[in-house]
file upload_16.txt (compact mmCIF, C-alpha atoms)
# COMPACT_ATOMS: atom_id res chain seq x y z
CA MET A 78 -8.33 30.06 -13.53
CA GLY A 79 -7.36 26.40 -14.02
CA ILE A 80 -3.93 24.84 -13.91
CA ALA A 81 -2.16 25.00 -17.26
CA GLU A 82 -1.50 21.67 -18.93
CA SER A 83 2.19 20.94 -19.43
CA THR A 84 3.50 20.25 -22.92
CA PRO A 85 3.98 16.50 -23.49
CA ASP A 86 7.77 16.35 -23.76
CA GLU A 87 9.05 19.20 -21.62
CA LEU A 88 9.73 19.51 -17.93
CA PRO A 89 7.61 22.05 -16.02
CA SER A 90 9.18 25.45 -15.57
CA ASP A 91 10.02 24.90 -11.88
CA ALA A 92 11.63 21.48 -12.35
CA GLU A 93 15.16 22.83 -12.59
CA GLU A 94 14.69 24.72 -9.34
CA GLN A 95 13.40 21.57 -7.62
CA LEU A 96 16.37 19.50 -8.77
CA ARG A 97 18.86 22.21 -7.83
CA SER A 98 18.26 21.43 -4.15
CA GLY A 99 20.34 18.28 -4.53
CA GLU A 100 17.63 15.93 -3.22
CA GLN A 101 17.02 14.36 -6.66
CA GLN A 102 13.29 14.72 -6.13
CA LEU A 103 10.64 15.92 -8.59
CA GLU A 104 7.12 16.89 -7.56
CA LEU A 105 4.58 16.98 -10.40
CA SER A 106 1.45 16.18 -8.40
CA GLY A 107 -1.70 18.15 -9.08
CA ARG A 108 -0.70 19.25 -12.58
CA ARG A 109 -2.58 18.25 -15.72
CA LEU A 110 -0.61 15.48 -17.39
CA ARG A 111 -2.14 12.90 -19.72
CA ARG A 112 1.25 11.29 -20.04
CA LEU A 113 4.59 11.68 -18.36
CA PRO A 114 6.89 14.21 -20.12
CA SER A 115 9.62 12.28 -21.91
CA ALA A 116 12.21 14.65 -20.44
CA VAL A 117 11.49 13.19 -16.99
CA CYS A 118 12.81 9.81 -18.10
CA ALA A 119 16.14 11.44 -18.97
CA LEU A 120 16.73 12.37 -15.30
CA SER A 121 18.85 9.27 -14.68
CA ARG A 122 19.84 10.30 -11.12
CA LEU A 123 16.29 10.95 -9.93
CA GLN A 124 15.41 9.15 -6.68
CA LYS A 125 11.90 10.37 -5.85
CA LEU A 126 9.13 11.10 -8.35
CA TYR A 127 5.65 12.23 -7.33
CA VAL A 128 2.98 12.33 -10.06
CA SER A 129 -0.22 12.03 -8.00
CA GLY A 130 -3.62 13.35 -9.10
CA THR A 131 -2.60 14.60 -12.53
CA GLY A 132 -5.06 12.74 -14.77
CA LEU A 133 -2.21 10.59 -16.07
CA ARG A 134 -3.46 7.93 -18.49
CA GLU A 135 -0.25 6.21 -19.57
CA LEU A 136 3.41 5.79 -18.77
CA PRO A 137 6.21 5.52 -21.32
CA GLU A 138 8.38 2.41 -21.53
CA GLU A 139 11.32 4.79 -21.10
CA ILE A 140 10.51 5.09 -17.42
CA GLU A 141 12.93 2.19 -16.98
CA GLU A 142 15.75 4.71 -17.53
CA LEU A 143 15.17 6.00 -13.98
CA ARG A 144 17.50 3.36 -12.56
CA GLU A 145 18.12 5.23 -9.28
CA LEU A 146 14.44 5.74 -8.45
CA ARG A 147 13.48 4.76 -4.88
CA ILE A 148 10.00 6.25 -4.53
CA LEU A 149 7.36 6.52 -7.26
CA ALA A 150 3.90 7.98 -6.54
CA LEU A 151 1.32 7.52 -9.28
CA ASP A 152 -1.83 7.43 -7.15
CA PHE A 153 -5.17 9.03 -8.07
CA ASN A 154 -4.68 9.01 -11.81
CA LYS A 155 -6.40 7.17 -14.69
CA LEU A 156 -3.92 4.40 -15.38
CA GLU A 157 -5.46 1.22 -16.80
CA ARG A 158 -2.19 -0.66 -17.33
CA LEU A 159 1.46 -0.48 -16.35
CA PRO A 160 4.30 -0.66 -18.88
CA ASP A 161 6.89 -3.40 -18.60
CA GLY A 162 9.50 -0.67 -18.23
CA LEU A 163 8.18 0.19 -14.77
CA CYS A 164 9.06 -3.36 -13.71
CA ARG A 165 12.73 -2.71 -14.46
CA LEU A 166 13.49 -0.23 -11.69
CA PRO A 167 16.03 -2.14 -9.57
CA ARG A 168 16.15 0.23 -6.58
CA LEU A 169 12.43 1.02 -6.23
CA THR A 170 11.32 0.50 -2.62
CA ARG A 171 7.95 2.30 -2.50
CA LEU A 172 5.30 2.36 -5.19
CA TYR A 173 1.94 4.13 -4.86
CA LEU A 174 -0.72 3.10 -7.38
CA GLY A 175 -3.92 3.70 -5.40
CA GLY A 176 -6.98 5.24 -7.01
CA ASN A 177 -6.33 4.19 -10.60
CA ARG A 178 -8.18 1.82 -12.96
CA LEU A 179 -5.92 -1.21 -12.84
CA LEU A 180 -7.40 -4.65 -13.49
CA ALA A 181 -4.12 -6.55 -13.15
CA LEU A 182 -0.35 -6.20 -12.84
CA PRO A 183 2.10 -7.20 -15.60
CA PRO A 184 3.91 -10.55 -15.16
CA ASP A 185 7.26 -8.75 -14.99
CA PHE A 186 6.11 -6.92 -11.85
CA ALA A 187 7.85 -9.72 -9.94
CA GLN A 188 11.19 -8.20 -11.00
CA LEU A 189 10.75 -5.39 -8.45
CA GLN A 190 12.73 -7.30 -5.85
CA SER A 191 13.67 -4.19 -3.84
CA LEU A 192 10.03 -3.21 -3.29
CA ARG A 193 9.08 -2.93 0.38
CA CYS A 194 5.84 -0.94 0.25
CA LEU A 195 3.07 -1.25 -2.34
CA TRP A 196 -0.08 0.86 -2.29
CA ILE A 197 -2.66 -0.40 -4.77
CA GLU A 198 -5.94 0.39 -3.06
CA GLY A 199 -8.98 1.69 -4.92
CA ASN A 200 -8.43 -0.17 -8.19
CA PHE A 201 -10.46 -2.91 -9.92
CA LEU A 202 -8.51 -6.01 -8.92
CA ARG A 203 -10.75 -9.09 -8.86
CA ARG A 204 -7.90 -11.56 -8.31
CA PHE A 205 -4.78 -11.34 -6.21
CA PRO A 206 -1.95 -10.51 -8.66
CA ARG A 207 0.27 -13.59 -8.74
CA PRO A 208 3.50 -11.66 -9.47
CA LEU A 209 3.26 -10.33 -5.91
CA LEU A 210 3.86 -13.82 -4.54
CA ARG A 211 7.48 -13.55 -5.69
CA LEU A 212 8.14 -10.28 -3.85
CA VAL A 213 9.59 -11.84 -0.72
CA ALA A 214 11.02 -8.51 0.53
CA LEU A 215 7.63 -6.75 0.45
CA GLN A 216 6.66 -5.67 3.96
CA SER A 217 3.53 -3.51 3.55
CA LEU A 218 0.77 -4.35 1.08
CA GLN A 219 -2.23 -2.03 0.85
CA MET A 220 -5.01 -3.62 -1.22
CA GLY A 221 -8.12 -2.04 0.27
CA ASP A 222 -11.17 -1.09 -1.81
CA ASN A 223 -10.68 -3.60 -4.61
CA ARG A 224 -12.92 -6.54 -5.58
CA LEU A 225 -11.08 -9.50 -4.12
CA ARG A 226 -13.05 -12.56 -2.99
CA ALA A 227 -10.20 -14.97 -2.25
CA LEU A 228 -6.45 -15.16 -1.62
CA PRO A 229 -4.07 -17.70 -3.17
CA ALA A 230 -2.91 -20.67 -1.10
CA GLU A 231 0.67 -19.62 -1.89
CA LEU A 232 0.34 -16.34 0.03
CA PRO A 233 2.69 -17.52 2.84
CA ARG A 234 5.53 -17.39 0.30
CA MET A 235 5.55 -13.65 1.03
CA THR A 236 7.68 -14.18 4.10
CA GLY A 237 8.60 -10.52 4.49
CA LEU A 238 5.01 -9.29 4.77
CA ARG A 239 4.23 -7.54 8.07
CA GLY A 240 1.21 -5.37 7.23
CA LEU A 241 -1.71 -6.42 5.02
CA TRP A 242 -4.68 -4.14 4.34
CA LEU A 243 -7.69 -5.84 2.71
CA TYR A 244 -10.55 -3.59 3.85
CA GLY A 245 -13.42 -2.86 1.47
CA ASN A 246 -13.17 -6.04 -0.61
CA ARG A 247 -15.69 -8.87 -1.07
CA PHE A 248 -14.51 -11.65 1.23
CA GLU A 249 -17.37 -13.78 2.56
CA GLU A 250 -15.13 -16.25 4.37
CA PHE A 251 -11.87 -15.74 6.23
CA PRO A 252 -9.15 -16.67 3.69
CA PRO A 253 -7.46 -19.88 4.98
CA ALA A 254 -4.03 -18.79 3.69
CA LEU A 255 -3.98 -15.98 6.26
CA LEU A 256 -3.74 -18.50 9.09
CA ARG A 257 -0.28 -19.42 7.81
CA MET A 258 0.96 -15.82 7.82
CA GLY A 259 2.60 -16.16 11.21
CA ARG A 260 4.76 -13.05 10.82
CA LEU A 261 1.97 -10.56 10.16
CA HIS A 262 1.84 -7.64 12.59
CA ILE A 263 -1.22 -5.86 11.17
CA LEU A 264 -4.26 -7.34 9.40
CA ASP A 265 -7.17 -5.16 8.30
CA LEU A 266 -10.35 -6.82 7.01
CA ASP A 267 -12.79 -3.95 7.63
CA ARG A 268 -15.84 -3.60 5.40
CA ASN A 269 -16.04 -7.08 3.93
CA ARG A 270 -18.82 -9.69 4.21
CA LEU A 271 -17.32 -11.95 6.86
CA GLY A 272 -19.78 -13.76 9.11
CA GLY A 273 -17.21 -15.29 11.46
CA PHE A 274 -13.58 -16.07 12.15
CA PRO A 275 -11.44 -19.10 12.97
CA ASP A 276 -9.16 -19.11 15.99
CA LEU A 277 -6.43 -16.59 15.15
CA HIS A 278 -3.88 -17.76 17.72
CA PRO A 279 -1.70 -19.20 14.91
CA LEU A 280 -0.94 -15.58 13.97
CA ARG A 281 1.63 -15.31 16.74
CA ALA A 282 3.16 -12.00 15.66
CA LEU A 283 -0.20 -10.23 15.21
CA ARG A 284 -0.46 -6.88 16.99
CA VAL A 285 -3.53 -5.29 15.38
CA PHE A 286 -6.58 -6.98 13.87
CA SER A 287 -9.39 -4.84 12.46
CA TYR A 288 -12.67 -6.45 11.40
CA ASP A 289 -15.12 -3.54 11.76
CA HIS A 290 -18.22 -3.31 9.54
CA ASN A 291 -18.56 -7.04 8.91
CA PRO A 292 -21.73 -9.05 9.74
CA VAL A 293 -20.15 -10.75 12.76
CA THR A 294 -21.61 -10.98 16.24
CA GLY A 295 -18.37 -10.82 18.20
CA PRO A 296 -14.59 -10.71 18.11
CA PRO A 297 -12.34 -13.62 17.11
CA ARG A 298 -10.16 -15.61 19.50
CA VAL A 299 -6.74 -13.97 19.54
CA ALA A 300 -3.78 -13.63 21.87
CA ASP A 301 -4.16 -11.08 24.67
CA THR A 302 -1.46 -8.92 23.10
CA VAL A 303 -3.57 -8.18 19.99
CA PHE A 304 -5.38 -4.87 19.72
CA LEU A 305 -8.87 -5.46 18.27
CA VAL A 306 -11.05 -3.06 16.29
CA GLY A 307 -14.64 -4.11 15.62
CA GLU A 308 -17.89 -5.40 17.15
CA GLY A 309 -17.34 -6.41 20.78
CA ALA A 310 -13.63 -5.55 20.71
CA VAL A 311 -13.64 -3.14 23.67
CA GLU A 312 -15.54 -5.58 25.85
CA ARG A 313 -13.26 -8.47 24.92
CA MET A 314 -10.10 -6.48 25.69
CA ALA A 315 -11.61 -5.27 28.97
CA GLU A 316 -11.90 -8.89 30.11
CA ARG A 317 -8.15 -9.40 29.88
CA ASP A 318 -6.03 -9.52 32.99
CA GLU A 319 -3.51 -7.10 31.49
CA PRO A 320 -4.27 -3.43 30.70
CA ILE A 321 -5.72 -2.72 27.28
CA PRO A 322 -2.80 -1.94 24.95
CA ARG A 323 -2.58 1.56 23.52
CA GLN A 324 -4.17 1.79 20.10
CA PRO A 325 -1.52 1.76 17.34
CA ALA A 326 -1.95 3.52 14.04
CA ARG A 327 -3.36 1.07 11.50
CA ARG A 328 -3.04 3.39 8.50
CA PRO A 329 -0.38 6.03 9.15
CA THR A 330 0.18 9.12 7.04
CA ARG A 331 2.73 9.24 4.25
CA ALA A 332 5.46 11.85 4.61
CA PHE A 333 7.69 10.49 7.39
CA ASP A 334 11.26 9.22 7.47
CA ASP A 335 11.84 5.46 7.57
CA GLU A 336 12.46 5.32 11.34
CA GLU A 337 9.37 7.39 12.06
CA GLU A 338 7.30 5.22 9.74
CA GLU A 339 8.32 2.11 11.63
CA ASP A 340 7.22 3.66 14.94
CA LEU A 341 3.91 4.76 13.44
CA LEU A 342 3.05 1.37 12.03
CA ILE A 343 3.70 -0.53 15.25
CA GLY A 344 2.17 2.17 17.44
CA GLY A 345 5.29 3.66 18.97
CA ALA A 346 4.91 7.25 17.84
CA GLY A 347 2.40 8.52 20.38
CA PRO A 348 -0.66 10.72 19.70
CA ARG A 349 0.63 11.87 16.30
CA ALA A 350 -0.15 8.40 14.97
CA LEU A 351 -3.83 8.61 15.84
CA GLY A 352 -4.75 11.69 13.85
CA PRO A 353 -6.28 10.40 10.57
CA THR A 354 -9.98 9.59 10.44
CA ARG A 355 -11.59 6.90 8.33
CA ASP A 356 -12.91 9.61 5.98
CA SER A 357 -9.35 10.50 5.01
CA LEU A 358 -8.10 6.98 4.36
CA ARG A 359 -7.54 7.58 0.66
CA ALA A 360 -4.82 10.04 1.59
CA LEU A 361 -3.04 7.56 3.83
CA GLU A 362 -0.50 4.83 3.25
CA ALA A 363 0.81 1.64 4.76
CA PRO A 364 4.52 2.44 4.96
CA PRO A 365 7.45 0.02 5.03
CA GLY A 366 10.00 -0.53 7.76
CA LEU A 367 8.06 -2.92 9.99
CA GLY A 368 11.05 -4.86 11.14
CA THR A 369 11.21 -8.61 11.53
call {"tool": "encode", "arguments": {"input": "upload_16.txt", "output": "structure tokens"}}
result
Amino acid sequence: MGIAESTPDELPSDAEEQLRSGEQQLELSGRRLRRLPSAVCALSRLQKLYVSGTGLRELPEEIEELRELRILALDFNKLERLPDGLCRLPRLTRLYLGGNRLLALPPDFAQLQSLRCLWIEGNFLRRFPRPLLRLVALQSLQMGDNRLRALPAELPRMTGLRGLWLYGNRFEEFPPALLRMGRLHILDLDRNRLGGFPDLHPLRALRVFSYDHNPVTGPPRVADTVFLVGEGAVERMAERDEPIPRQPARRPTRAFDDEEEEDLLIGGAGPRALGPTRDSLRALEAPPGLGT
């Protein structure tokens, strides 16, 4: 028997019980929802809203009434556009939009100045959304499995960025702007069309560089402190005088507290960080909290 579809304007029957816990969190994931019930937008104290994998096709402009919202998960739906109201959530720090049908982001997206973590993998982005260049507090940007071929020269304006995931795009040359991202800790360019790399020593803060499944014949030149993932990486790291660093988690799982997320992303959380396989990447996230 299938899951019953909720009526358009009412909260699901268990919503009151969820909110009674005092956590100001509402979990609607996995239900059948073509659009968000209008009653949700009246929950002005809500801080966490999960609406993943519901078949959602649109969001109401009234979503801007959720002024206290910190976390919003809208991944694995059928969204083709975002309303301007979503761009007026002043406390939003994490936004998950992966696995939708987005071609672009609205110009007002730049108003999300509290945003630290953005997941937008598995959409149809052909160009890097320029509103992102104004999100200087953004630390983790997950843009894998889109259709990007280039990055804007202004990318270094994103001075807060520490983790950048660009796997599964259409890059044929290493984007020059990346060489000026001296604060990046993690850079993932798996599954592109790169035939070579420049010297990556200018990326002085780099800790993990992944370039697997590209038509390259060997690893790039990097500092000895960088963990490499790709063709010839093990051999290159074995040549170093120092021991091979322990492999950090490049794409940690979602449901961890901020402090735990920071450890996972920089590889300080031990074996728990190494669990996910590449087959489960669509269920993973690039969390915030990378530090400076």
call {"tool": "residues_around", "arguments": {"input": "upload_16.txt", "residues": "range 292-302 of chain A", "least_positions_apart": "6", "cutoff": "7 Å", "atoms": "all atoms listed in the file", "output": "MDAnalysis selection string"}}
result
chainID A and resid 270:278 284 308:310 317
call {"tool": "atom_distance", "arguments": {"input": "upload_16.txt", "atom1": "CA of Arg203 in chain A", "atom2": "CA of Leu182 in chain A"}}
result
11.5 Å
call {"tool": "residues_near_point", "arguments": {"input": "upload_16.txt", "point": "(-6.7, -7.5, 9.6)", "cutoff": "8 Å", "atoms": "only C-alpha atoms", "output": "CSV table (one decimal) with C-alpha atoms, keeping the file's coordinate frame"}}
result
chain,number,residue,atom,x,y,z
A,241,LEU,CA,-1.7,-6.4,5.0
A,242,TRP,CA,-4.7,-4.1,4.3
A,243,LEU,CA,-7.7,-5.8,2.7
A,244,TYR,CA,-10.6,-3.6,3.8
A,263,ILE,CA,-1.2,-5.9,11.2
A,264,LEU,CA,-4.3,-7.3,9.4
A,265,ASP,CA,-7.2,-5.2,8.3
A,266,LEU,CA,-10.4,-6.8,7.0
A,267,ASP,CA,-12.8,-4.0,7.6
A,285,VAL,CA,-3.5,-5.3,15.4
A,286,PHE,CA,-6.6,-7.0,13.9
A,287,SER,CA,-9.4,-4.8,12.5
A,288,TYR,CA,-12.7,-6.4,11.4
call {"tool": "residues_around", "arguments": {"input": "upload_16.txt", "residues": "Ile140 in chain A", "least_positions_apart": "3", "cutoff": "6 Å", "atoms": "only C-alpha atoms", "output": "PyMOL selection string"}}
result
chain A and resi 118+137+143+162
call {"tool": "atom_distance", "arguments": {"input": "upload_16.txt", "atom1": "CA of Pro89 in chain A", "atom2": "CA of Pro114 in chain A"}}
result
8.9 Å
call {"tool": "atom_distance", "arguments": {"input": "upload_16.txt", "atom1": "CA of Pro184 in chain A", "atom2": "CA of Pro160 in chain A"}}
result
10.6 Å
call {"tool": "residues_near_point", "arguments": {"input": "upload_16.txt", "point": "(-0.8, 7.5, -5.7)", "cutoff": "9 Å", "atoms": "only C-alpha atoms", "output": "list in words"}}
result
Tyr127, Val128, Ser129, Gly130, Leu149, Ala150, Leu151, Asp152, Phe153, Asn154, Leu172, Tyr173, Leu174, Gly175, Gly176, Asn177, Trp196, Ile197 and Ala360 of chain A
call {"tool": "closest_residue", "arguments": {"input": "upload_16.txt", "among": "A:Asp91, A:Asp161, A:Glu249, A:Glu142", "to": "Ala187 in chain A", "atoms": "all atoms listed in the file"}}
result
A:Asp161
call {"tool": "residues_around", "arguments": {"input": "upload_16.txt", "residues": "Gln101 in chain A", "least_positions_apart": "2", "cutoff": "8 Å", "atoms": "all atoms listed in the file", "output": "list in words"}}
result
Leu96, Ser98, Gly99, Leu103, Arg122, Leu123, Gln124 and Lys125 of chain A
call {"tool": "write_last_selection", "arguments": {"input": "upload_16.txt", "atoms": "C-alpha atoms", "output": "tab-separated table (two decimals), in the frame of the given file"}}
result
chain	number	residue	atom	x	y	z
A	96	LEU	CA	16.37	19.50	-8.77
A	98	SER	CA	18.26	21.43	-4.15
A	99	GLY	CA	20.34	18.28	-4.53
A	103	LEU	CA	10.64	15.92	-8.59
A	122	ARG	CA	19.84	10.30	-11.12
A	123	LEU	CA	16.29	10.95	-9.93
A	124	GLN	CA	15.41	9.15	-6.68
A	125	LYS	CA	11.90	10.37	-5.85
call {"tool": "residues_around", "arguments": {"input": "upload_16.txt", "residues": "Leu215 in chain A", "least_positions_apart": "3", "cutoff": "6 Å", "atoms": "all atoms listed in the file", "output": "list of chain:residue names"}}
result
A:Leu192, A:Arg193, A:Leu212, A:Gly237, A:Leu238
call {"tool": "closest_residue", "arguments": {"input": "upload_16.txt", "among": "A:Leu232, A:Leu105, A:Val306, A:Leu209", "to": "Cys164 in chain A", "atoms": "only C-alpha atoms"}}
result
A:Leu209
call {"tool": "closest_residue", "arguments": {"input": "upload_16.txt", "among": "A:Leu189, A:Arg247, A:Arg234, A:Glu141", "to": "Arg204 in chain A", "atoms": "all atoms listed in the file"}}
result
A:Arg247
call {"tool": "axis_aligned_box", "arguments": {"input": "upload_16.txt", "around": "range 268-285 of chain A", "padding_each_side": "8 Å", "output": "JSON"}}
result
{"center_x": -8.3, "center_y": -11.4, "center_z": 10.8, "size_x": 38.9, "size_y": 31.6, "size_z": 29.8}
